[in-house]
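Chemist: Below is the file protein.cif, which contains mmCIF, C-alpha atoms and all ligand atoms.
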data_coords
#
loop_
_atom_site.group_PDB
_atom_site.id
_atom_site.type_symbol
_atom_site.label_atom_id
_atom_site.label_comp_id
_atom_site.auth_asym_id
_atom_site.auth_seq_id
_atom_site.Cartn_x
_atom_site.Cartn_y
_atom_site.Cartn_z
ATOM 1 C CA MET A 1 9.767 -9.170 3.471
ATOM 2 C CA GLY A 2 6.515 -7.274 4.142
ATOM 3 C CA ASN A 3 5.136 -6.229 7.510
ATOM 4 C CA SER A 4 3.156 -9.444 8.065
ATOM 5 C CA ALA A 5 6.320 -11.503 7.507
ATOM 6 C CA MET A 6 8.271 -9.390 10.018
ATOM 7 C CA ASP A 7 5.586 -9.546 12.719
ATOM 8 C CA ILE A 8 4.894 -13.265 12.311
ATOM 9 C CA ALA A 9 8.570 -14.256 12.112
ATOM 10 C CA VAL A 10 9.340 -12.249 15.256
ATOM 11 C CA GLU A 11 6.412 -13.761 17.207
ATOM 12 C CA SER A 12 7.261 -17.252 15.975
ATOM 13 C CA SER A 13 10.891 -16.798 17.022
ATOM 14 C CA TYR A 14 9.835 -16.707 20.688
ATOM 15 C CA VAL A 15 7.981 -20.041 20.598
ATOM 16 C CA ALA A 16 9.285 -22.143 17.686
ATOM 17 C CA LYS A 17 12.483 -24.165 17.837
ATOM 18 C CA ASP A 18 13.592 -22.591 14.534
ATOM 19 C CA THR A 19 12.157 -19.843 12.355
ATOM 20 C CA TYR A 20 13.220 -19.217 8.746
ATOM 21 C CA LEU A 21 12.425 -16.065 6.795
ATOM 22 C CA ALA A 22 12.383 -16.738 3.041
ATOM 23 C CA ALA A 23 12.268 -13.876 0.528
ATOM 24 C CA ARG A 24 12.670 -13.347 -3.204
ATOM 25 C CA ARG A 25 13.691 -9.691 -2.835
ATOM 26 C CA GLY A 26 15.317 -7.539 -0.159
ATOM 27 C CA ALA A 27 13.528 -4.683 1.588
ATOM 28 C CA TRP A 28 14.575 -1.669 3.598
ATOM 29 C CA ILE A 29 13.727 -2.254 7.248
ATOM 30 C CA VAL A 30 12.483 0.915 8.883
ATOM 31 C CA PRO A 31 12.935 1.006 12.674
ATOM 32 C CA LYS A 32 9.669 1.686 14.544
ATOM 33 C CA TYR A 33 11.197 4.847 16.013
ATOM 34 C CA LEU A 34 13.523 7.328 14.317
ATOM 35 C CA LEU A 35 14.990 10.408 15.997
ATOM 36 C CA GLY A 36 12.841 9.628 19.035
ATOM 37 C CA ARG A 37 9.506 9.647 17.177
ATOM 38 C CA PRO A 38 7.328 6.939 15.612
ATOM 39 C CA SER A 39 8.919 6.690 12.169
ATOM 40 C CA ASP A 40 5.658 7.405 10.289
ATOM 41 C CA GLN A 41 5.353 10.680 12.190
ATOM 42 C CA LEU A 42 8.615 12.226 11.008
ATOM 43 C CA LYS A 43 8.048 15.579 9.367
ATOM 44 C CA ASN A 44 7.218 15.019 5.699
ATOM 45 C CA ASP A 45 6.173 18.170 3.874
ATOM 46 C CA PRO A 46 4.403 17.338 0.574
ATOM 47 C CA ARG A 47 5.531 20.695 -0.838
ATOM 48 C CA VAL A 48 9.176 19.519 -0.757
ATOM 49 C CA PRO A 49 9.979 17.554 -3.961
ATOM 50 C CA PHE A 50 9.702 13.783 -3.408
ATOM 51 C CA LYS A 51 13.301 13.132 -4.580
ATOM 52 C CA VAL A 52 14.650 15.450 -1.870
ATOM 53 C CA ARG A 53 12.581 13.785 0.860
ATOM 54 C CA GLN A 54 13.524 10.363 -0.467
ATOM 55 C CA TRP A 55 17.234 11.184 -0.357
ATOM 56 C CA PHE A 56 16.997 12.388 3.238
ATOM 57 C CA ILE A 57 14.991 9.409 4.534
ATOM 58 C CA HIS A 58 17.154 6.962 2.568
ATOM 59 C CA LYS A 59 20.274 8.334 4.285
ATOM 60 C CA LEU A 60 18.607 8.339 7.691
ATOM 61 C CA ILE A 61 17.528 4.710 7.390
ATOM 62 C CA GLN A 62 20.882 3.622 5.999
ATOM 63 C CA SER A 63 22.589 5.276 8.963
ATOM 64 C CA GLN A 64 20.303 3.501 11.461
ATOM 65 C CA VAL A 65 20.181 0.040 9.905
ATOM 66 C CA GLY A 66 23.438 -0.226 7.948
ATOM 67 C CA ASP A 67 24.213 -2.925 5.409
ATOM 68 C CA LEU A 68 21.383 -5.489 5.512
ATOM 69 C CA THR A 69 23.584 -8.211 4.056
ATOM 70 C CA ARG A 70 25.512 -8.207 7.363
ATOM 71 C CA TYR A 71 22.378 -9.668 8.956
ATOM 72 C CA GLY A 72 22.168 -12.296 6.203
ATOM 73 C CA LEU A 73 19.273 -10.490 4.486
ATOM 74 C CA PRO A 74 19.216 -9.828 0.730
ATOM 75 C CA LYS A 75 20.333 -6.373 -0.417
ATOM 76 C CA PRO A 76 17.292 -4.309 -1.507
ATOM 77 C CA ASP A 77 17.212 -3.850 -5.296
ATOM 78 C CA HIS A 78 15.574 -0.426 -4.956
ATOM 79 C CA LYS A 79 15.829 2.828 -3.012
ATOM 80 C CA PHE A 80 13.722 3.546 0.046
ATOM 81 C CA GLY A 81 10.272 4.746 -1.093
ATOM 82 C CA GLU A 82 10.217 2.537 -4.204
ATOM 83 C CA ALA A 83 8.514 -0.324 -2.339
ATOM 84 C CA HIS A 84 5.872 -0.345 0.377
ATOM 85 C CA PRO A 85 7.941 0.167 3.533
ATOM 86 C CA THR A 86 8.621 -2.634 5.986
ATOM 87 C CA VAL A 87 8.601 -1.420 9.572
ATOM 88 C CA SER A 88 10.004 -3.549 12.349
ATOM 89 C CA GLY A 89 11.752 -2.691 15.570
ATOM 90 C CA ARG A 90 12.657 -6.294 16.382
ATOM 91 C CA ILE A 91 13.432 -8.339 13.267
ATOM 92 C CA LEU A 92 17.124 -7.448 13.073
ATOM 93 C CA ASP A 93 17.574 -8.120 16.761
ATOM 94 C CA ARG A 94 15.937 -11.565 16.495
ATOM 95 C CA ILE A 95 18.096 -12.430 13.458
ATOM 96 C CA GLN A 96 21.259 -11.333 15.274
ATOM 97 C CA HIS A 97 20.298 -13.502 18.253
ATOM 98 C CA GLY A 98 20.113 -16.497 15.936
ATOM 99 C CA ARG A 99 16.373 -16.979 16.513
ATOM 100 C CA ILE A 100 15.441 -16.241 12.867
ATOM 101 C CA THR A 101 17.470 -17.476 9.903
ATOM 102 C CA PRO A 102 17.112 -15.577 6.594
ATOM 103 C CA LYS A 103 16.767 -17.760 3.497
ATOM 104 C CA PRO A 104 16.307 -17.167 -0.230
ATOM 105 C CA ASN A 105 12.905 -17.869 -1.789
ATOM 106 C CA ILE A 106 11.301 -21.304 -1.513
ATOM 107 C CA ARG A 107 12.002 -23.460 -4.570
ATOM 108 C CA ARG A 108 9.690 -26.346 -3.702
ATOM 109 C CA LEU A 109 8.013 -28.294 -0.934
ATOM 110 C CA ASP A 110 9.007 -31.936 -0.561
ATOM 111 C CA GLY A 111 6.845 -33.709 1.989
ATOM 112 C CA ARG A 112 7.817 -32.276 5.370
ATOM 113 C CA PHE A 113 10.847 -30.562 3.819
ATOM 114 C CA VAL A 114 11.168 -27.089 2.358
ATOM 115 C CA GLU A 115 13.823 -26.548 -0.285
ATOM 116 C CA PHE A 116 15.155 -23.032 -0.903
ATOM 117 C CA GLU A 117 16.605 -21.479 -4.062
ATOM 118 C CA ASP A 118 20.169 -22.041 -2.801
ATOM 119 C CA GLY A 119 19.496 -25.800 -2.515
ATOM 120 C CA SER A 120 19.388 -25.838 1.307
ATOM 121 C CA ARG A 121 16.546 -27.808 2.960
ATOM 122 C CA VAL A 122 14.854 -27.682 6.341
ATOM 123 C CA GLU A 123 12.147 -29.788 7.937
ATOM 124 C CA ALA A 124 9.135 -27.624 8.796
ATOM 125 C CA ASP A 125 5.865 -28.022 10.721
ATOM 126 C CA VAL A 126 4.292 -24.863 9.311
ATOM 127 C CA VAL A 127 4.811 -22.626 6.269
ATOM 128 C CA VAL A 128 3.207 -19.185 6.600
ATOM 129 C CA TYR A 129 2.735 -17.298 3.318
ATOM 130 C CA CYS A 130 2.897 -13.548 3.995
ATOM 131 C CA THR A 131 2.447 -12.697 0.335
ATOM 132 C CA GLY A 132 0.061 -9.774 0.641
ATOM 133 C CA TYR A 133 -3.375 -8.681 -0.451
ATOM 134 C CA LYS A 134 -5.475 -10.274 -3.139
ATOM 135 C CA ILE A 135 -8.172 -7.704 -3.854
ATOM 136 C CA THR A 136 -11.562 -9.292 -4.566
ATOM 137 C CA PHE A 137 -15.176 -8.158 -4.313
ATOM 138 C CA PRO A 138 -17.163 -11.352 -3.743
ATOM 139 C CA PHE A 139 -20.387 -9.286 -3.495
ATOM 140 C CA PHE A 140 -20.066 -7.952 -7.104
ATOM 141 C CA ASP A 141 -20.322 -9.778 -10.404
ATOM 142 C CA GLU A 142 -16.780 -10.025 -11.763
ATOM 143 C CA GLY A 143 -17.885 -8.521 -15.076
ATOM 144 C CA PHE A 144 -19.268 -5.481 -13.237
ATOM 145 C CA ILE A 145 -16.204 -4.661 -11.216
ATOM 146 C CA SER A 146 -13.065 -6.599 -10.303
ATOM 147 C CA ALA A 147 -9.375 -6.029 -9.595
ATOM 148 C CA PRO A 148 -7.317 -8.355 -11.826
ATOM 149 C CA ASP A 149 -3.775 -8.599 -10.396
ATOM 150 C CA ASN A 150 -4.922 -6.095 -7.751
ATOM 151 C CA HIS A 151 -5.440 -3.348 -10.360
ATOM 152 C CA ILE A 152 -8.465 -1.166 -9.771
ATOM 153 C CA GLU A 153 -8.715 2.254 -11.362
ATOM 154 C CA LEU A 154 -10.336 4.732 -8.981
ATOM 155 C CA PHE A 155 -10.214 8.523 -8.838
ATOM 156 C CA ARG A 156 -8.065 9.299 -5.779
ATOM 157 C CA ARG A 157 -8.726 5.706 -4.697
ATOM 158 C CA VAL A 158 -12.417 6.425 -3.972
ATOM 159 C CA PHE A 159 -14.585 7.089 -7.068
ATOM 160 C CA HIS A 160 -14.984 4.810 -10.086
ATOM 161 C CA PRO A 161 -14.946 7.069 -13.179
ATOM 162 C CA ALA A 162 -17.792 5.151 -14.861
ATOM 163 C CA LEU A 163 -19.926 4.502 -11.755
ATOM 164 C CA PRO A 164 -20.585 7.715 -9.845
ATOM 165 C CA ASP A 165 -22.788 5.980 -7.248
ATOM 166 C CA LEU A 166 -20.118 3.470 -6.187
ATOM 167 C CA MET A 167 -17.356 4.564 -3.815
ATOM 168 C CA PHE A 168 -14.581 2.841 -1.903
ATOM 169 C CA ILE A 169 -13.272 3.870 1.510
ATOM 170 C CA GLY A 170 -9.972 2.588 2.872
ATOM 171 C CA LEU A 171 -8.937 0.739 -0.301
ATOM 172 C CA LEU A 172 -5.435 2.189 -0.279
ATOM 173 C CA GLN A 173 -2.038 1.404 1.162
ATOM 174 C CA PRO A 174 -0.115 4.189 2.891
ATOM 175 C CA LEU A 175 3.037 4.339 4.965
ATOM 176 C CA GLY A 176 1.335 5.052 8.276
ATOM 177 C CA ALA A 177 -2.156 4.311 9.517
ATOM 178 C CA ILE A 178 -5.095 3.875 7.132
ATOM 179 C CA MET A 179 -7.670 5.266 9.577
ATOM 180 C CA PRO A 180 -6.915 9.019 9.250
ATOM 181 C CA LEU A 181 -6.974 8.645 5.441
ATOM 182 C CA ALA A 182 -10.255 6.694 5.531
ATOM 183 C CA GLU A 183 -11.716 9.443 7.725
ATOM 184 C CA ALA A 184 -10.637 12.128 5.229
ATOM 185 C CA GLN A 185 -12.155 10.045 2.408
ATOM 186 C CA GLY A 186 -15.380 9.737 4.460
ATOM 187 C CA GLN A 187 -15.608 13.516 4.866
ATOM 188 C CA TRP A 188 -14.996 13.989 1.148
ATOM 189 C CA LEU A 189 -17.683 11.450 0.335
ATOM 190 C CA ALA A 190 -20.132 13.143 2.730
ATOM 191 C CA ASP A 191 -19.595 16.433 0.829
ATOM 192 C CA TYR A 192 -20.398 14.602 -2.401
ATOM 193 C CA LEU A 193 -23.550 12.937 -1.048
ATOM 194 C CA LYS A 194 -24.809 16.298 0.242
ATOM 195 C CA GLY A 195 -24.176 17.913 -3.156
ATOM 196 C CA GLU A 196 -21.473 20.156 -1.705
ATOM 197 C CA TYR A 197 -18.753 18.568 -3.840
ATOM 198 C CA ALA A 198 -18.977 17.903 -7.598
ATOM 199 C CA LEU A 199 -16.683 15.490 -9.421
ATOM 200 C CA PRO A 200 -14.702 16.711 -12.443
ATOM 201 C CA PRO A 201 -16.038 15.564 -15.848
ATOM 202 C CA ARG A 202 -15.500 11.874 -16.647
ATOM 203 C CA ALA A 203 -12.697 12.525 -19.183
ATOM 204 C CA GLU A 204 -10.763 14.382 -16.463
ATOM 205 C CA LEU A 205 -11.371 11.575 -13.952
ATOM 206 C CA GLU A 206 -10.026 9.039 -16.414
ATOM 207 C CA ALA A 207 -6.973 11.171 -17.247
ATOM 208 C CA ASP A 208 -6.246 11.606 -13.528
ATOM 209 C CA VAL A 209 -6.551 7.851 -12.922
ATOM 210 C CA ARG A 210 -4.198 7.109 -15.845
ATOM 211 C CA ALA A 211 -1.618 9.619 -14.554
ATOM 212 C CA ASP A 212 -1.842 8.092 -11.067
ATOM 213 C CA GLN A 213 -1.315 4.548 -12.407
ATOM 214 C CA GLU A 214 1.616 5.691 -14.528
ATOM 215 C CA ALA A 215 3.269 7.468 -11.579
ATOM 216 C CA MET A 216 2.848 4.349 -9.440
ATOM 217 C CA ARG A 217 4.287 2.131 -12.187
ATOM 218 C CA LYS A 218 7.314 4.416 -12.610
ATOM 219 C CA ARG A 219 8.074 4.809 -8.935
ATOM 220 C CA TYR A 220 7.534 1.362 -7.443
ATOM 221 C CA VAL A 221 9.132 -2.013 -7.850
ATOM 222 C CA ALA A 222 6.904 -4.047 -10.214
ATOM 223 C CA SER A 223 4.765 -6.168 -7.874
ATOM 224 C CA LYS A 224 1.086 -6.854 -7.199
ATOM 225 C CA ARG A 225 1.613 -5.163 -3.830
ATOM 226 C CA HIS A 226 2.032 -1.725 -5.457
ATOM 227 C CA THR A 227 -1.338 -0.994 -7.055
ATOM 228 C CA ILE A 228 -3.121 1.044 -4.353
ATOM 229 C CA GLN A 229 -0.126 2.846 -2.930
ATOM 230 C CA VAL A 230 -0.266 6.416 -1.538
ATOM 231 C CA ASP A 231 2.031 8.712 0.440
ATOM 232 C CA PHE A 232 0.250 9.627 3.664
ATOM 233 C CA ASP A 233 0.881 13.389 3.809
ATOM 234 C CA ASP A 234 0.777 13.902 0.041
ATOM 235 C CA TYR A 235 -2.565 12.102 -0.197
ATOM 236 C CA LEU A 236 -4.164 14.259 2.520
ATOM 237 C CA PHE A 237 -2.739 17.412 0.925
ATOM 238 C CA GLU A 238 -4.077 16.516 -2.552
ATOM 239 C CA LEU A 239 -7.458 15.401 -1.180
ATOM 240 C CA ASP A 240 -7.912 18.721 0.571
ATOM 241 C CA LYS A 241 -7.088 20.583 -2.674
ATOM 242 C CA GLU A 242 -9.522 18.424 -4.643
ATOM 243 C CA ARG A 243 -12.266 18.868 -2.039
ATOM 244 C CA ARG A 244 -11.987 22.637 -2.369
ATOM 245 C CA ALA A 245 -11.893 22.508 -6.189
ATOM 246 C CA GLY A 246 -14.994 20.277 -6.196
ATOM 247 C CA ALA A 247 -16.794 22.596 -3.755
ATOM 248 C CA GLN A 248 -16.220 25.441 -6.230
ATOM 249 C CA ARG A 249 -17.633 23.281 -9.079
ATOM 250 C CA ALA A 250 -20.652 22.441 -6.887
ATOM 251 C CA ARG A 251 -21.245 26.149 -6.185
ATOM 252 C CA GLU A 252 -21.121 26.866 -9.922
ATOM 253 C CA ARG A 253 -23.682 24.093 -10.516
ATOM 254 C CA GLY A 254 -25.947 25.430 -7.765
ATOM 255 C CA PHE A 255 -25.131 22.617 -5.282
ATOM 256 C CA ALA A 256 -26.966 20.005 -7.365
ATOM 257 C CA LEU A 257 -27.077 16.540 -5.758
ATOM 258 C CA PRO A 258 -25.206 13.819 -7.693
ATOM 259 C CA VAL A 259 -27.434 12.012 -10.189
ATOM 260 C CA PRO A 260 -27.621 8.231 -9.626
ATOM 261 C CA ALA A 261 -25.900 6.481 -12.536
ATOM 262 C CA ARG A 262 -27.899 3.234 -12.360
ATOM 263 C CA ALA A 263 -29.756 2.494 -15.564
ATOM 264 C CA ALA A 264 -33.528 1.971 -15.144
ATOM 265 C CA ARG A 265 -34.641 -1.681 -14.997
ATOM 266 C CA PRO A 266 -37.101 -2.713 -17.747
ATOM 267 C CA ASP A 267 -40.063 -2.783 -15.285
ATOM 268 C CA GLU A 268 -39.182 0.751 -14.141
ATOM 269 C CA ALA A 269 -39.080 1.900 -17.758
ATOM 270 C CA VAL A 270 -42.630 0.528 -18.278
ATOM 271 C CA ALA A 271 -43.871 2.217 -15.095
ATOM 272 C CA ALA A 272 -42.358 5.497 -16.297
HETATM 273 N N1 LIG B 301 2.147 -3.918 11.986
HETATM 274 C C1 LIG B 301 1.517 -3.405 10.923
HETATM 275 O O1 LIG B 301 1.191 -2.224 10.846
HETATM 276 C C2 LIG B 301 1.205 -4.330 9.786
HETATM 277 C C3 LIG B 301 1.401 -5.685 9.948
HETATM 278 C C4 LIG B 301 1.102 -6.516 8.875
HETATM 279 C C5 LIG B 301 0.639 -5.986 7.679
HETATM 280 N N2 LIG B 301 0.458 -4.641 7.577
HETATM 281 C C6 LIG B 301 -0.040 -4.071 6.293
HETATM 282 O O2 LIG B 301 -0.871 -4.991 5.626
HETATM 283 C C7 LIG B 301 -0.635 -4.920 4.197
HETATM 284 C C8 LIG B 301 -0.228 -6.282 3.671
HETATM 285 O O3 LIG B 301 1.039 -6.634 4.206
HETATM 286 P P1 LIG B 301 1.730 -8.019 3.908
HETATM 287 O O4 LIG B 301 3.030 -8.037 4.634
HETATM 288 O O5 LIG B 301 0.750 -9.085 4.192
HETATM 289 O O6 LIG B 301 1.945 -8.012 2.325
HETATM 290 P P2 LIG B 301 2.886 -7.110 1.381
HETATM 291 O O7 LIG B 301 3.361 -5.876 2.043
HETATM 292 O O8 LIG B 301 2.170 -6.987 0.104
HETATM 293 O O9 LIG B 301 4.197 -8.025 1.172
HETATM 294 C C9 LIG B 301 4.111 -9.210 0.447
HETATM 295 C C10 LIG B 301 5.501 -9.842 0.386
HETATM 296 O O10 LIG B 301 5.368 -11.143 -0.200
HETATM 297 C C11 LIG B 301 6.244 -11.225 -1.326
HETATM 298 N N3 LIG B 301 5.633 -12.100 -2.307
HETATM 299 C C12 LIG B 301 4.431 -11.966 -2.914
HETATM 300 N N4 LIG B 301 4.214 -13.001 -3.743
HETATM 301 C C13 LIG B 301 5.312 -13.804 -3.654
HETATM 302 C C14 LIG B 301 5.706 -15.023 -4.273
HETATM 303 N N5 LIG B 301 4.904 -15.623 -5.151
HETATM 304 N N6 LIG B 301 6.901 -15.535 -3.948
HETATM 305 C C15 LIG B 301 7.704 -14.942 -3.063
HETATM 306 N N7 LIG B 301 7.400 -13.782 -2.443
HETATM 307 C C16 LIG B 301 6.228 -13.220 -2.733
HETATM 308 C C17 LIG B 301 6.414 -9.786 -1.817
HETATM 309 O O11 LIG B 301 7.599 -9.689 -2.561
HETATM 310 P P3 LIG B 301 7.780 -8.674 -3.820
HETATM 311 O O12 LIG B 301 8.097 -7.340 -3.232
HETATM 312 O O13 LIG B 301 8.917 -9.268 -4.564
HETATM 313 O O14 LIG B 301 6.486 -8.694 -4.585
HETATM 314 C C18 LIG B 301 6.483 -9.061 -0.470
HETATM 315 O O15 LIG B 301 7.752 -9.177 0.099
HETATM 316 C C19 LIG B 301 0.457 -3.853 4.025
HETATM 317 O O16 LIG B 301 -0.185 -2.610 3.798
HETATM 318 C C20 LIG B 301 1.144 -3.814 5.370
HETATM 319 O O17 LIG B 301 1.788 -2.574 5.644
HETATM 320 C C21 LIG B 301 0.730 -3.812 8.603
#
Would you kindly transcribe this structure into structure tokens?
Ligand SMILES: NC(=O)c1ccc[n+]([C@@H]2O[C@H](COP(=O)([O-])OP(=O)(O)OC[C@H]3O[C@@H](n4cnc5c(N)ncnc54)[C@H](OP(=O)(O)O)[C@@H]3O)[C@@H](O)[C@H]2O)c1
Modeler:
Amino acid sequence: MGNSAMDIAVESSYVAKDTYLAARRGAWIVPKYLLGRPSDQLKNDPRVPFKVRQWFIHKLIQSQVGDLTRYGLPKPDHKFGEAHPTVSGRILDRIQHGRITPKPNIRRLDGRFVEFEDGSRVEADVVVYCTGYKITFPFFDEGFISAPDNHIELFRRVFHPALPDLMFIGLLQPLGAIMPLAEAQGQWLADYLKGEYALPPRAELEADVRADQEAMRKRYVASKRHTIQVDFDDYLFELDKERRAGAQRARERGFALPVPARAARPDEAVAA
């Protein structure tokens, strides 16, 4: 029920004889446009409490899309905003035209047949798994850094609390485009590399990371797809605040450049 599934099912529905959309959980389908604007560009003020914004958007989407079970889709088991949003302007239309048939999850594959949880079977040429990200870093030793079950604990999704010379850009999942957030992260990182931004002490970084993980766990449906989640406007707002706080810390420290954290190799120690 994610965005890949929507896009691929819709495209397939124009060329395949039959297309089936199998899911283990329902999702809210956000139309591409709401109130005449791209839906990710609706006004969303981070200073308004999340619950209030959630209520408003939930009602707006409900009023546009209606009861999803009328399209044969499963009823979402959560409110809007408690799962990464699924945006599609065409999926409901293609289902209503009989070009895509919703199905429950796949129970098993049996030769050329696919059997679903309700016992129904179809013959299929292709099964496309749109099951989301699996975060790996093939260029790092797993013992050095890894993301088991997609969990990776980073300060504001950029800095590793224990490795101040390792940063990640764009390793986050917003509603809306990643690029403006990656650009803001890049500017923040540039401040740091120039010594114009200083990180908080490690204990504070770790506490912030723990609070972030806990908030994500409380808000979102338990799934490997909800480990790097951010709200677009809230993230930019908080990043800007943190950038200014870190600039003040850097001023107090006399704009010192960050110290590389890498331990000296044995040969370097001898040379020293
Ligand atoms: N047009 C676009 O802008 C566009 C297009 C494609 C993708 N994207 C982005 O790319 C990222 C990845 O998207 P995605 O759609 O590939 O993945 P995704 O959003 O993580 O969705 C994965 C889906 O697969 C289901 N799933 C995972 N494991 C499963 C299993 N073992 N059995 C049954 N269902 C399973 C999940 O269900 P549960 O909820 O139950 O875990 C969820 O419905 C997202 O950030 C998305 O927004 C954007």
Chemist: 8 Å from ligand LIG 301 (chain B) is the threshold here; counting all atoms listed in the file, which polymer residues fall inside it? Answer as a ChimeraX atom specification.
Modeler: /A:1-7,22-27,83-88,105-106,129-133,173-177,221-226
Chemist: For region 111-217 of chain A versus region 238-249 of chain A, which residues have an atom no more than 10 Å away, and what is each residue's nearest atom pair and distance in Å rounded to one decimal, using all atoms listed in the file, chain-then-number order, as JSON lines?
Modeler:
{"residue": "A:Arg156", "atom": "CA", "partner": "A:Leu239", "partner_atom": "CA", "distance": 7.7}
{"residue": "A:Leu181", "atom": "CA", "partner": "A:Leu239", "partner_atom": "CA", "distance": 9.5}
{"residue": "A:Ala184", "atom": "CA", "partner": "A:Leu239", "partner_atom": "CA", "distance": 7.9}
{"residue": "A:Gln185", "atom": "CA", "partner": "A:Leu239", "partner_atom": "CA", "distance": 8.0}
{"residue": "A:Gln187", "atom": "CA", "partner": "A:Arg243", "partner_atom": "CA", "distance": 9.4}
{"residue": "A:Trp188", "atom": "CA", "partner": "A:Arg243", "partner_atom": "CA", "distance": 6.4}
{"residue": "A:Leu189", "atom": "CA", "partner": "A:Arg243", "partner_atom": "CA", "distance": 9.5}
{"residue": "A:Asp191", "atom": "CA", "partner": "A:Ala247", "partner_atom": "CA", "distance": 8.2}
{"residue": "A:Tyr192", "atom": "CA", "partner": "A:Gly246", "partner_atom": "CA", "distance": 8.7}
{"residue": "A:Gly195", "atom": "CA", "partner": "A:Ala247", "partner_atom": "CA", "distance": 8.8}
{"residue": "A:Glu196", "atom": "CA", "partner": "A:Ala247", "partner_atom": "CA", "distance": 5.7}
{"residue": "A:Tyr197", "atom": "CA", "partner": "A:Ala247", "partner_atom": "CA", "distance": 4.5}
{"residue": "A:Ala198", "atom": "CA", "partner": "A:Gly246", "partner_atom": "CA", "distance": 4.8}
{"residue": "A:Leu199", "atom": "CA", "partner": "A:Gly246", "partner_atom": "CA", "distance": 6.0}
{"residue": "A:Pro200", "atom": "CA", "partner": "A:Gly246", "partner_atom": "CA", "distance": 7.2}
Chemist: Which residue, A:Gly119, A:Gly89, A:Gly143, A:Pro104, has the smallest gap to Tyr33 (chain A) when you use only C-alpha atoms?
Modeler: A:Gly89
Chemist: Check which residues satisfy the PyMOL selection byres (((chain A and resi 34) around 12) and not hetatm) in the file shown, then give them as a compact mmCIF listing (two decimals) with C-alpha atoms, in the frame of the given file.
Modeler:
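result-v6.txt written:
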# COMPACT_ATOMS: atom_id res chain seq x y z
CA ILE A 29 13.73 -2.25 7.25
CA VAL A 30 12.48 0.92 8.88
CA PRO A 31 12.94 1.01 12.67
CA LYS A 32 9.67 1.69 14.54
CA TYR A 33 11.20 4.85 16.01
CA LEU A 35 14.99 10.41 16.00
CA GLY A 36 12.84 9.63 19.04
CA ARG A 37 9.51 9.65 17.18
CA PRO A 38 7.33 6.94 15.61
CA SER A 39 8.92 6.69 12.17
CA ASP A 40 5.66 7.40 10.29
CA GLN A 41 5.35 10.68 12.19
CA LEU A 42 8.62 12.23 11.01
CA LYS A 43 8.05 15.58 9.37
CA ILE A 57 14.99 9.41 4.53
CA LEU A 60 18.61 8.34 7.69
CA ILE A 61 17.53 4.71 7.39
CA GLN A 62 20.88 3.62 6.00
CA SER A 63 22.59 5.28 8.96
CA GLN A 64 20.30 3.50 11.46
CA VAL A 65 20.18 0.04 9.90
CA VAL A 87 8.60 -1.42 9.57
CA SER A 88 10.00 -3.55 12.35
CA GLY A 89 11.75 -2.69 15.57
Chemist: So what do you get for CA of Ser12 (chain A) versus CA of Gly66 (chain A), distance-wise?
Modeler: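 If I compute the distance from CA of Ser12 (chain A) to CA of Gly66 (chain A), I get 24.8 Å.
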